[in-house]
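Colleague: Structure: upload30.tsv, TSV, C-alpha atoms.
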chain	number	residue	atom	x	y	z
A	8	MET	CA	-22.04	36.59	-17.66
A	9	ASN	CA	-21.37	35.42	-21.15
A	10	PRO	CA	-21.18	31.59	-21.35
A	11	THR	CA	-18.86	31.84	-24.37
A	12	ASN	CA	-16.04	32.88	-22.05
A	13	TYR	CA	-16.50	29.77	-19.96
A	14	LEU	CA	-16.53	27.57	-23.04
A	15	ILE	CA	-13.40	29.22	-24.41
A	16	LEU	CA	-11.67	28.65	-21.05
A	17	SER	CA	-12.83	25.04	-21.19
A	18	ALA	CA	-11.41	24.64	-24.71
A	19	ILE	CA	-8.08	26.19	-23.66
A	20	LEU	CA	-7.77	23.89	-20.64
A	21	PHE	CA	-8.72	20.85	-22.70
A	22	SER	CA	-6.15	21.69	-25.39
A	23	ILE	CA	-3.41	22.25	-22.78
A	24	GLY	CA	-4.26	18.87	-21.28
A	25	ALA	CA	-4.15	17.19	-24.68
A	26	GLY	CA	-0.81	18.83	-25.45
A	27	GLY	CA	0.53	17.63	-22.11
A	28	VAL	CA	-0.48	14.05	-22.88
A	29	LEU	CA	1.43	14.33	-26.17
A	30	VAL	CA	4.57	15.90	-24.69
A	31	ARG	CA	5.10	14.49	-21.20
A	32	ARG	CA	6.57	11.05	-20.58
A	33	ASN	CA	6.17	10.61	-16.85
A	34	ALA	CA	3.08	8.41	-16.61
A	35	ILE	CA	1.81	10.24	-13.52
A	36	VAL	CA	2.03	13.64	-15.22
A	37	VAL	CA	0.23	12.19	-18.25
A	38	PHE	CA	-2.50	11.12	-15.86
A	39	MET	CA	-2.72	14.61	-14.40
A	40	CYS	CA	-3.15	15.99	-17.92
A	41	ILE	CA	-6.01	13.55	-18.49
A	42	GLU	CA	-7.59	14.84	-15.28
A	43	LEU	CA	-7.18	18.35	-16.65
A	44	MET	CA	-9.10	17.38	-19.79
A	45	LEU	CA	-11.89	15.79	-17.72
A	46	ASN	CA	-12.13	18.95	-15.61
A	47	ALA	CA	-12.32	21.09	-18.73
A	48	SER	CA	-15.17	18.98	-20.08
A	49	ASN	CA	-16.93	19.30	-16.73
A	50	LEU	CA	-16.71	23.07	-16.98
A	51	ALA	CA	-18.31	22.84	-20.41
A	52	PHE	CA	-21.10	20.63	-19.02
A	53	VAL	CA	-21.83	23.07	-16.20
A	54	THR	CA	-21.92	25.95	-18.69
A	55	PHE	CA	-24.28	24.04	-20.97
A	56	ALA	CA	-26.56	23.31	-18.02
A	57	ARG	CA	-26.76	27.00	-17.31
A	58	THR	CA	-27.31	27.91	-20.95
A	59	ASN	CA	-30.14	25.42	-21.33
A	60	GLY	CA	-31.71	26.06	-17.94
A	61	THR	CA	-31.81	22.40	-16.85
A	62	LEU	CA	-29.83	20.51	-14.26
A	63	ASP	CA	-29.00	17.59	-16.58
A	64	GLY	CA	-25.60	19.04	-17.44
A	65	GLN	CA	-24.65	19.19	-13.78
A	66	VAL	CA	-25.76	15.58	-13.29
A	67	VAL	CA	-23.58	14.50	-16.21
A	68	ALA	CA	-20.64	16.44	-14.75
A	69	PHE	CA	-21.25	14.58	-11.49
A	70	PHE	CA	-21.07	11.25	-13.32
A	71	VAL	CA	-17.88	12.37	-15.08
A	72	MET	CA	-16.36	13.00	-11.66
A	73	VAL	CA	-17.32	9.49	-10.49
A	74	VAL	CA	-15.83	7.88	-13.60
A	75	ALA	CA	-12.69	10.03	-13.22
A	76	ALA	CA	-12.26	8.85	-9.64
A	77	ALA	CA	-12.53	5.19	-10.70
A	78	GLU	CA	-10.14	5.80	-13.59
A	79	VAL	CA	-7.55	7.42	-11.32
A	80	VAL	CA	-7.68	4.50	-8.90
A	81	ILE	CA	-7.10	1.90	-11.62
A	82	GLY	CA	-4.56	4.01	-13.51
A	83	LEU	CA	-2.42	4.69	-10.48
A	84	ALA	CA	-2.61	1.00	-9.51
A	85	ILE	CA	-1.32	0.10	-12.98
A	86	ILE	CA	1.48	2.68	-12.67
A	87	VAL	CA	2.50	1.25	-9.30
A	88	ALA	CA	2.42	-2.30	-10.71
A	89	ILE	CA	4.58	-1.29	-13.68
A	90	PHE	CA	6.93	0.61	-11.40
A	91	ARG	CA	7.44	-2.53	-9.34
A	92	THR	CA	8.53	-4.63	-12.29
A	93	ARG	CA	10.29	-1.92	-14.35
A	94	ASN	CA	11.47	0.46	-11.63
A	95	SER	CA	10.41	3.37	-13.83
A	96	ALA	CA	7.33	5.55	-14.31
A	97	SER	CA	8.19	6.61	-17.85
A	98	VAL	CA	5.69	5.78	-20.59
A	99	ASP	CA	8.54	4.95	-22.97
A	100	GLU	CA	9.86	2.04	-20.94
A	101	PRO	CA	6.97	-0.46	-20.95
A	102	ASN	CA	6.52	-0.28	-24.73
A	103	LEU	CA	6.73	-4.04	-25.17
A	104	LEU	CA	4.01	-4.90	-22.62
A	105	LYS	CA	5.95	-7.85	-21.31
A	106	LEU	CA	7.83	-8.48	-18.13
B	7	MET	CA	-13.49	32.34	-41.37
B	8	ASN	CA	-17.08	33.15	-40.64
B	9	ALA	CA	-16.78	31.54	-37.20
B	10	LEU	CA	-13.55	33.37	-36.39
B	11	HIS	CA	-15.15	36.62	-37.49
B	12	SER	CA	-18.01	36.16	-35.06
B	13	VAL	CA	-15.70	35.42	-32.09
B	14	GLY	CA	-15.23	39.09	-31.45
B	15	ALA	CA	-18.90	39.85	-31.73
B	16	LEU	CA	-19.89	37.02	-29.38
B	17	VAL	CA	-17.32	37.85	-26.73
B	18	ALA	CA	-18.17	41.53	-26.91
B	19	GLU	CA	-21.95	41.35	-26.87
B	20	GLY	CA	-22.74	37.85	-25.69
B	21	PRO	CA	-25.64	35.68	-26.73
B	22	VAL	CA	-29.14	36.99	-26.37
B	23	GLY	CA	-30.74	37.18	-22.96
B	24	VAL	CA	-27.65	37.40	-20.75
B	25	GLU	CA	-27.65	39.66	-17.74
B	26	THR	CA	-24.14	41.02	-17.16
B	27	ASN	CA	-22.99	40.73	-13.58
B	28	THR	CA	-19.83	42.63	-12.68
B	29	GLY	CA	-18.99	40.44	-9.70
B	30	GLU	CA	-19.15	37.31	-11.79
B	31	GLN	CA	-17.00	38.89	-14.47
B	32	VAL	CA	-14.28	39.75	-11.96
B	33	THR	CA	-14.47	36.23	-10.53
B	34	PHE	CA	-14.26	34.75	-13.99
B	35	TRP	CA	-11.24	36.70	-15.13
B	36	VAL	CA	-9.28	36.11	-11.92
B	37	CYS	CA	-10.10	32.40	-11.70
B	38	ALA	CA	-9.70	31.78	-15.43
B	39	THR	CA	-6.24	33.35	-15.40
B	40	LEU	CA	-5.18	31.27	-12.41
B	41	ALA	CA	-6.66	28.11	-13.94
B	42	VAL	CA	-4.76	28.59	-17.19
B	43	ILE	CA	-1.55	29.34	-15.26
B	44	GLY	CA	-2.08	26.13	-13.30
B	45	ALA	CA	-2.71	24.12	-16.46
B	46	LEU	CA	0.40	25.49	-18.16
B	47	GLY	CA	2.44	24.82	-15.02
B	48	THR	CA	1.19	21.24	-14.96
B	49	VAL	CA	2.44	20.62	-18.47
B	50	LEU	CA	5.64	22.65	-18.31
B	51	SER	CA	7.14	21.97	-14.88
B	52	ARG	CA	9.78	19.28	-14.91
B	53	LYS	CA	9.14	17.77	-11.50
B	54	ALA	CA	6.01	15.71	-11.05
B	55	VAL	CA	5.32	17.16	-7.59
B	56	HIS	CA	5.23	20.68	-9.03
B	57	SER	CA	2.79	19.45	-11.67
B	58	ALA	CA	0.57	18.05	-8.91
B	59	LEU	CA	0.55	21.38	-7.06
B	60	PHE	CA	-0.21	23.33	-10.24
B	61	ILE	CA	-3.12	21.09	-11.17
B	62	ALA	CA	-4.52	21.46	-7.65
B	63	LEU	CA	-4.52	25.22	-8.28
B	64	THR	CA	-6.44	24.70	-11.52
B	65	MET	CA	-9.00	22.45	-9.85
B	66	ILE	CA	-9.70	24.84	-6.97
B	67	ASN	CA	-10.23	27.69	-9.41
B	68	LEU	CA	-12.57	25.54	-11.49
B	69	ALA	CA	-14.53	24.81	-8.30
B	70	ILE	CA	-14.96	28.55	-7.76
B	71	LEU	CA	-16.17	28.89	-11.36
B	72	TYR	CA	-18.71	26.09	-10.80
B	73	VAL	CA	-20.11	27.93	-7.79
B	74	ALA	CA	-20.22	31.13	-9.82
B	75	GLN	CA	-22.28	29.27	-12.44
B	76	ASP	CA	-25.08	28.24	-10.05
B	77	ALA	CA	-23.57	24.80	-9.37
B	78	PRO	CA	-22.63	24.99	-5.65
B	79	PHE	CA	-22.98	21.22	-5.18
B	80	LEU	CA	-20.53	20.45	-7.99
B	81	GLY	CA	-18.15	23.09	-6.67
B	82	MET	CA	-18.05	21.44	-3.26
B	83	VAL	CA	-17.70	17.96	-4.79
B	84	GLN	CA	-14.87	19.29	-6.94
B	85	VAL	CA	-13.00	20.52	-3.88
B	86	ILE	CA	-13.63	17.39	-1.82
B	87	VAL	CA	-13.23	14.70	-4.49
B	88	TYR	CA	-10.67	16.22	-6.85
B	89	THR	CA	-8.42	18.45	-4.79
B	90	GLY	CA	-8.98	16.31	-1.71
B	91	ALA	CA	-9.10	12.64	-2.65
B	92	VAL	CA	-7.73	12.41	-6.19
B	93	MET	CA	-4.80	14.79	-5.76
B	94	MET	CA	-3.93	13.19	-2.43
B	95	LEU	CA	-3.82	9.84	-4.23
B	96	PHE	CA	-1.59	11.34	-6.92
B	97	VAL	CA	0.85	12.75	-4.37
B	98	PHE	CA	0.80	9.48	-2.46
B	99	VAL	CA	1.74	7.50	-5.59
B	100	LEU	CA	4.41	10.11	-6.35
B	101	MET	CA	5.93	9.40	-2.96
B	102	VAL	CA	5.91	5.65	-3.72
B	103	VAL	CA	7.31	5.98	-7.24
B	104	GLY	CA	9.95	8.54	-6.31
B	105	VAL	CA	9.62	12.29	-5.99
B	106	ASP	CA	12.86	13.04	-7.79
B	107	ALA	CA	11.89	11.16	-10.95
B	108	SER	CA	11.89	14.13	-13.32
B	109	ASP	CA	11.39	13.76	-17.04
B	110	SER	CA	14.41	13.48	-19.25
B	111	LEU	CA	14.57	16.18	-21.89
B	112	VAL	CA	15.71	13.86	-24.68
B	113	GLU	CA	13.14	13.47	-27.42
B	114	THR	CA	12.56	9.81	-28.25
B	115	ILE	CA	10.51	10.68	-31.32
B	116	LYS	CA	12.15	13.25	-33.54
B	117	GLY	CA	10.26	16.55	-33.61
B	118	GLN	CA	7.69	15.36	-31.09
B	119	ARG	CA	7.49	18.65	-29.22
B	120	VAL	CA	7.13	20.74	-32.36
B	121	TRP	CA	4.36	18.58	-33.75
B	122	ALA	CA	2.66	18.46	-30.35
B	123	GLY	CA	2.68	22.26	-30.38
B	124	VAL	CA	1.20	22.31	-33.88
B	125	ALA	CA	-1.47	19.82	-32.82
B	126	PHE	CA	-2.22	21.94	-29.74
B	127	VAL	CA	-2.77	25.10	-31.76
B	128	ALA	CA	-4.79	23.32	-34.44
B	129	PHE	CA	-6.99	21.54	-31.90
B	130	LEU	CA	-7.58	24.73	-29.94
B	131	GLY	CA	-8.57	26.53	-33.14
B	132	LEU	CA	-10.94	23.71	-34.05
B	133	LEU	CA	-12.61	23.75	-30.63
B	134	LEU	CA	-12.96	27.53	-30.53
B	135	ALA	CA	-14.40	27.68	-34.03
B	136	GLY	CA	-16.87	24.93	-33.18
B	137	ILE	CA	-17.95	26.54	-29.92
B	138	VAL	CA	-18.42	29.98	-31.36
B	139	ASP	CA	-20.22	28.66	-34.40
B	140	SER	CA	-22.64	26.65	-32.29
B	141	LEU	CA	-23.39	29.50	-29.90
B	142	VAL	CA	-24.48	32.02	-32.50
B	143	GLY	CA	-28.06	32.99	-31.77
B	144	THR	CA	-28.51	30.94	-28.59
B	145	THR	CA	-30.38	32.34	-25.64
B	146	VAL	CA	-29.12	31.72	-22.11
B	147	VAL	CA	-31.95	30.52	-19.89
B	148	GLY	CA	-30.11	30.54	-16.53
B	149	LEU	CA	-30.61	28.08	-13.71
B	150	ASP	CA	-32.77	30.12	-11.35
B	151	ALA	CA	-36.01	28.44	-12.41
B	152	ALA	CA	-34.51	24.94	-12.50
B	153	ASN	CA	-32.97	25.37	-9.06
B	154	ALA	CA	-36.16	26.77	-7.56
B	155	GLU	CA	-38.22	23.86	-8.90
B	156	GLN	CA	-37.18	21.42	-6.15
B	157	GLY	CA	-36.22	24.04	-3.61
B	158	GLY	CA	-32.49	24.28	-4.35
B	159	ASN	CA	-29.54	23.12	-6.40
B	160	VAL	CA	-28.67	20.11	-4.22
B	161	GLU	CA	-32.30	18.99	-4.07
B	162	GLY	CA	-32.67	19.37	-7.82
B	163	ILE	CA	-29.57	17.28	-8.57
B	164	GLY	CA	-30.68	14.69	-6.01
B	165	VAL	CA	-34.11	14.34	-7.62
B	166	ALA	CA	-32.53	14.04	-11.08
B	167	ILE	CA	-30.02	11.40	-9.98
B	168	PHE	CA	-32.53	9.24	-8.14
B	169	THR	CA	-35.30	9.40	-10.71
B	170	ARG	CA	-34.29	9.96	-14.32
B	171	TYR	CA	-30.64	8.93	-13.97
B	172	LEU	CA	-31.19	6.09	-11.50
B	173	LEU	CA	-29.85	3.38	-13.83
B	174	ALA	CA	-26.70	5.37	-14.62
B	175	PHE	CA	-26.25	6.00	-10.91
B	176	GLU	CA	-26.45	2.28	-10.12
B	177	ILE	CA	-23.97	1.53	-12.89
B	178	THR	CA	-21.50	4.03	-11.44
B	179	ALA	CA	-21.84	2.20	-8.12
B	180	LEU	CA	-20.82	-1.02	-9.90
B	181	LEU	CA	-17.99	0.83	-11.59
B	182	LEU	CA	-16.62	2.15	-8.31
B	183	MET	CA	-16.81	-1.30	-6.73
B	184	THR	CA	-15.00	-2.85	-9.70
B	185	ALA	CA	-12.35	-0.13	-9.48
B	186	ALA	CA	-11.76	-0.81	-5.79
B	187	VAL	CA	-11.41	-4.56	-6.38
B	188	GLY	CA	-9.24	-3.93	-9.44
B	189	ALA	CA	-6.86	-1.68	-7.51
B	190	MET	CA	-6.48	-4.36	-4.86
B	191	VAL	CA	-5.86	-7.07	-7.46
B	192	LEU	CA	-3.34	-4.96	-9.38
B	193	THR	CA	-1.28	-3.95	-6.38
B	194	HIS	CA	-1.50	-7.27	-4.55
B	195	ARG	CA	1.70	-9.29	-4.33
B	196	GLU	CA	1.72	-13.01	-3.65
B	197	ARG	CA	4.11	-14.24	-1.00
B	198	VAL	CA	6.54	-16.42	-2.96
B	199	GLU	CA	8.44	-17.81	0.01
B	200	PRO	CA	7.02	-19.06	3.33
B	201	ARG	CA	6.94	-16.68	6.26
B	202	LYS	CA	10.03	-16.96	8.50
B	203	THR	CA	9.47	-18.41	11.94
B	204	GLN	CA	10.85	-16.79	15.04
B	205	ALA	CA	13.42	-19.60	15.43
B	206	GLN	CA	14.68	-18.98	11.86
B	207	MET	CA	15.00	-15.24	12.46
B	208	SER	CA	16.91	-15.90	15.68
B	209	THR	CA	19.30	-18.29	13.92
B	210	GLU	CA	19.91	-15.75	11.17
B	211	ARG	CA	20.59	-13.01	13.65
B	212	PHE	CA	23.42	-15.03	15.22
B	213	ALA	CA	25.00	-15.97	11.89
B	214	PRO	CA	28.81	-15.89	12.21
B	215	ASP	CA	29.45	-12.82	10.04
B	216	LEU	CA	26.72	-10.64	11.59
B	217	HIS	CA	26.66	-8.45	14.65
B	218	PRO	CA	24.04	-10.01	16.92
B	219	VAL	CA	23.08	-6.89	18.91
B	220	ASN	CA	23.10	-3.14	18.39
B	221	LEU	CA	26.30	-1.60	17.09
B	222	PRO	CA	28.11	0.62	19.61
B	223	SER	CA	27.00	4.25	19.41
B	224	PRO	CA	29.60	6.83	18.36
B	225	GLY	CA	31.22	9.35	20.65
B	226	VAL	CA	33.14	9.31	23.90
B	227	TYR	CA	30.73	9.75	26.76
B	228	ALA	CA	30.69	13.25	28.31
B	229	ARG	CA	33.50	14.38	26.03
B	230	ASN	CA	32.39	14.32	22.45
B	231	ASN	CA	29.27	12.79	20.93
B	232	SER	CA	29.54	13.72	17.23
B	233	VAL	CA	28.98	10.88	14.76
B	234	ASP	CA	32.50	10.97	13.34
B	235	MET	CA	34.06	10.36	16.75
B	236	PRO	CA	34.52	6.61	17.23
B	237	ALA	CA	33.68	5.02	20.56
B	238	LEU	CA	36.47	3.50	22.63
B	239	LEU	CA	36.52	-0.10	23.70
B	240	PRO	CA	37.45	-1.02	27.32
B	241	ASP	CA	41.07	-1.60	26.30
B	242	GLY	CA	41.32	1.90	24.82
B	243	SER	CA	41.23	0.83	21.17
B	244	ILE	CA	38.84	2.36	18.65
B	245	ALA	CA	35.49	0.66	17.95
B	246	GLU	CA	35.29	1.08	14.16
B	247	ASP	CA	31.69	-0.15	14.06
B	248	SER	CA	30.48	2.82	16.06
B	249	VAL	CA	30.94	5.24	13.14
B	250	PRO	CA	28.35	5.16	10.32
B	251	GLY	CA	29.45	3.27	7.22
B	252	PRO	CA	29.82	6.15	4.71
B	253	LEU	CA	32.06	8.12	7.09
B	254	ARG	CA	34.14	5.02	7.76
B	255	LEU	CA	34.59	4.42	4.02
B	256	GLU	CA	35.68	7.98	3.37
B	257	GLY	CA	38.15	7.86	6.26
B	258	ASP	CA	36.53	10.80	8.06
B	259	LEU	CA	37.24	9.37	11.50
B	260	ARG	CA	38.38	11.72	14.23
B	261	GLU	CA	41.04	10.69	16.66
B	262	PRO	CA	39.58	10.40	20.19
B	263	ASP	CA	40.90	12.71	22.85
B	264	ARG	CA	43.56	10.57	24.54
B	265	LEU	CA	44.09	13.17	27.25
B	266	ALA	CA	40.43	12.89	28.23
B	267	LEU	CA	40.83	9.16	28.34
B	268	GLU	CA	43.77	9.40	30.72
B	269	GLU	CA	41.85	11.79	32.95
B	270	SER	CA	38.94	9.41	33.17
B	271	GLU	CA	41.38	6.66	34.12
B	272	HIS	CA	42.69	8.86	36.94
B	273	LEU	CA	39.13	9.44	38.08
B	274	GLN	CA	38.54	5.71	38.14
B	275	ASP	CA	41.62	5.32	40.31
B	276	GLY	CA	40.16	7.84	42.75
B	277	GLU	CA	42.74	10.56	42.09
B	278	ALA	CA	41.67	14.19	41.90
B	279	VAL	CA	42.09	15.82	38.52
B	280	ILE	CA	42.48	19.53	37.91
B	281	VAL	CA	40.39	20.46	34.88
B	282	GLU	CA	41.04	23.66	33.00
B	283	THR	CA	37.88	25.39	31.76
B	284	PRO	CA	37.88	27.41	28.53
B	285	SER	CA	38.04	30.66	30.52
B	286	GLY	CA	41.27	29.54	32.10
B	287	GLU	CA	39.75	29.07	35.55
B	288	LEU	CA	40.89	26.02	37.43
B	289	ILE	CA	38.30	23.69	38.88
B	290	ASP	CA	39.07	20.94	41.34
B	291	PRO	CA	36.37	18.30	40.70
B	292	ASP	CA	36.92	16.77	44.14
B	293	PRO	CA	37.50	19.70	46.56
B	294	GLU	CA	36.78	17.73	49.72
B	295	GLY	CA	39.44	15.19	48.87
B	296	GLU	CA	37.06	12.35	49.63
B	297	GLY	CA	37.27	10.64	46.24
Would you encode the structure as structure tokens?

Modeller:
Amino acid sequence: MNPTNYLILSAILFSIGAGGVLVRRNAIVVFMCIELMLNASNLAFVTFARTNGTLDGQVVAFFVMVVAAAEVVIGLAIIVAIFRTRNSASVDEPNLLKL
Amino acid sequence: MNALHSVGALVAEGPVGVETNTGEQVTFWVCATLAVIGALGTVLSRKAVHSALFIALTMINLAILYVAQDAPFLGMVQVIVYTGAVMMLFVFVLMVVGVDASDSLVETIKGQRVWAGVAFVAFLGLLLAGIVDSLVGTTVVGLDAANAEQGGNVEGIGVAIFTRYLLAFEITALLLMTAAVGAMVLTHRERVEPRKTQAQMSTERFAPDLHPVNLPSPGVYARNNSVDMPALLPDGSIAEDSVPGPLRLEGDLREPDRLALEESEHLQDGEAVIVETPSGELIDPDPEGEG
């Protein structure tokens, strides 16, 4: 199977995720779009591993998953903390970064 | 222009050295379509819960594509970590923050959507041009040899992680630990007032303007138990507290069945009462006359 197709799919998913980050204002949905971009890059890594015939790409994708998990934990904790003080999950509300 | 021109050629013929597998092509086209639908649904659906479901669809389809690309370990990790743990965490936070919190459609920055669309198209074009340009003339090696080297895909990744990438692996362990501590610190709330003692709670419960025990439950026993039917006090008056607050405020109280009340009084006095059933049949509740 042609790896170009996988890379084009990866580019499409990454662009959709980037567009979502630009458009959406619910902080949780913005986070989901970031996850989408990370997944798209993982798909590219797996495809590169297959193209080059080494497992390094898959190892890097594995590390990306670990970092994404840590990022989700901290990001959602921040969203919950902001929601407690602001009673809102919109990214427009906490624009002053003060309580 | 050169890159765009070669898109067609690359997609049609593929780079050198690729064996074309029909099964994988079918898998790719089905899963890629579903993944893109999921991604678009994530961005376009107004409710955050729908976005979460759509992105779960995308992630599962990506897991299938990983398996199709000789990465079964990553496919399984994708299902377990992403669709299992991460999406569960997302949905959990959605429940905390409020499921119904949908985005407002008012643009705070003028023309934001239009320019975001322009940026989307431009970025996609840039990525595609770069990918196609870089893939011209590459040969695809395939992972069969690399997987067979250590006896399998999982073994190969394990050897790579614990030898060449050991330092990075240890650093990710530190990162995960920091993230766990950070989440606890961020969501921790200090107790600003001392914990109430049992004596204090008891005193508060018997404060003059509060009801010290359970409120009476609505309904007249054995006659009508709907919530808008107030209970009757021993003197026959209505217990207003027995009806839930919103109904009481809207005045949706029903008048209790006074006839039933009188009958029950007769029963208490030991007199027999003739009750008429809906079918018109007469029933004497005390046929022996012992009551």

Colleague: Between A:Asn33, A:Ser97, A:Thr92, A:Ser17, which has the minimum distance to B:Thr48 (counting all atoms listed in the file)?

Modeller: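 Using all atoms listed in the file, the shortest distance to B:Thr48 belongs to A:Asn33.
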
Colleague: At what distance in Å, to one decimal, does atom CA of B:Thr145 lie from atom CA of A:Thr58?

Modeller: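 Distance reported for this atom pair: 7.1 Å.
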
Colleague: Just how far from atom CA of A:Phe52 is atom CA of B:Val142, in Å to one decimal?

Modeller: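 Value for the atom CA of B:Val142-atom CA of A:Phe52 distance: 18.0 Å.
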
Colleague: Please tell me which residues are no farther than 10 Å from (0.3, 12.1, -14.9) in the file, counting all atoms listed in the file, and write them as a PyMOL selection string.

Modeller: (chain A and resi 27-28+31-43+79+82-83+86+96) or (chain B and resi 48-49+54+57-58+96+100)

Colleague: Pick out the closest residue to chain A from this set: B:His56, B:Arg170, B:Arg195, B:Arg119. Count all atoms listed in the file.

Modeller: B:Arg119

Colleague: Using all atoms listed in the file for the distances, tell me which of A:Arg57, A:Ala75, A:Ser48, A:Arg91 is nearest to chain B.

Modeller: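 Closest to chain B, using all atoms listed in the file: A:Arg57.
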
Colleague: Residues of stretch 15-90 of chain A that approach stretch 85-88 of chain B to 9 Å or less, counting all atoms listed in the file: could you list each one with the shortest pair of atoms and its distance in Å to one decimal, rows by chain and increasing residue number, as CSV?

Modeller:
residue,atom,partner,partner_atom,distance
A:Met72,CA,B:Val87,CA,8.0
A:Val73,CA,B:Val87,CA,8.9
A:Ala76,CA,B:Val87,CA,7.9

Colleague: Please list as a count of residues only every residue within 12 Å of A:Ala84, counting only C-alpha atoms and excluding residues in the same chain fewer than 3 positions away.

Modeller: 31

Colleague: Ranking A:Val53, A:Leu29, A:Gln65, A:Arg93 by minimum distance to B:Ile115 and counting only C-alpha atoms, which one comes first?

Modeller: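 That would be A:Leu29, the residue with the smallest distance to B:Ile115.
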
Colleague: Got a sec: who's within 12 Å of B:Glu161, counting only C-alpha atoms, leaving out chain neighbours fewer than 4 positions off, as an mmCIF file with C-alpha atoms, in the coordinates of the input?

Modeller:
data_model
loop_
_atom_site.group_PDB
_atom_site.id
_atom_site.type_symbol
_atom_site.label_atom_id
_atom_site.label_comp_id
_atom_site.auth_asym_id
_atom_site.auth_seq_id
_atom_site.Cartn_x
_atom_site.Cartn_y
_atom_site.Cartn_z
ATOM 1 C CA LEU A 62 -29.830 20.510 -14.260
ATOM 2 C CA VAL A 66 -25.760 15.580 -13.290
ATOM 3 C CA ALA B 77 -23.570 24.800 -9.370
ATOM 4 C CA PRO B 78 -22.630 24.990 -5.650
ATOM 5 C CA PHE B 79 -22.980 21.220 -5.180
ATOM 6 C CA ALA B 152 -34.510 24.940 -12.500
ATOM 7 C CA ASN B 153 -32.970 25.370 -9.060
ATOM 8 C CA ALA B 154 -36.160 26.770 -7.560
ATOM 9 C CA GLU B 155 -38.220 23.860 -8.900
ATOM 10 C CA GLN B 156 -37.180 21.420 -6.150
ATOM 11 C CA GLY B 157 -36.220 24.040 -3.610
ATOM 12 C CA VAL B 165 -34.110 14.340 -7.620
ATOM 13 C CA ALA B 166 -32.530 14.040 -11.080
ATOM 14 C CA ILE B 167 -30.020 11.400 -9.980
ATOM 15 C CA PHE B 168 -32.530 9.240 -8.140
#
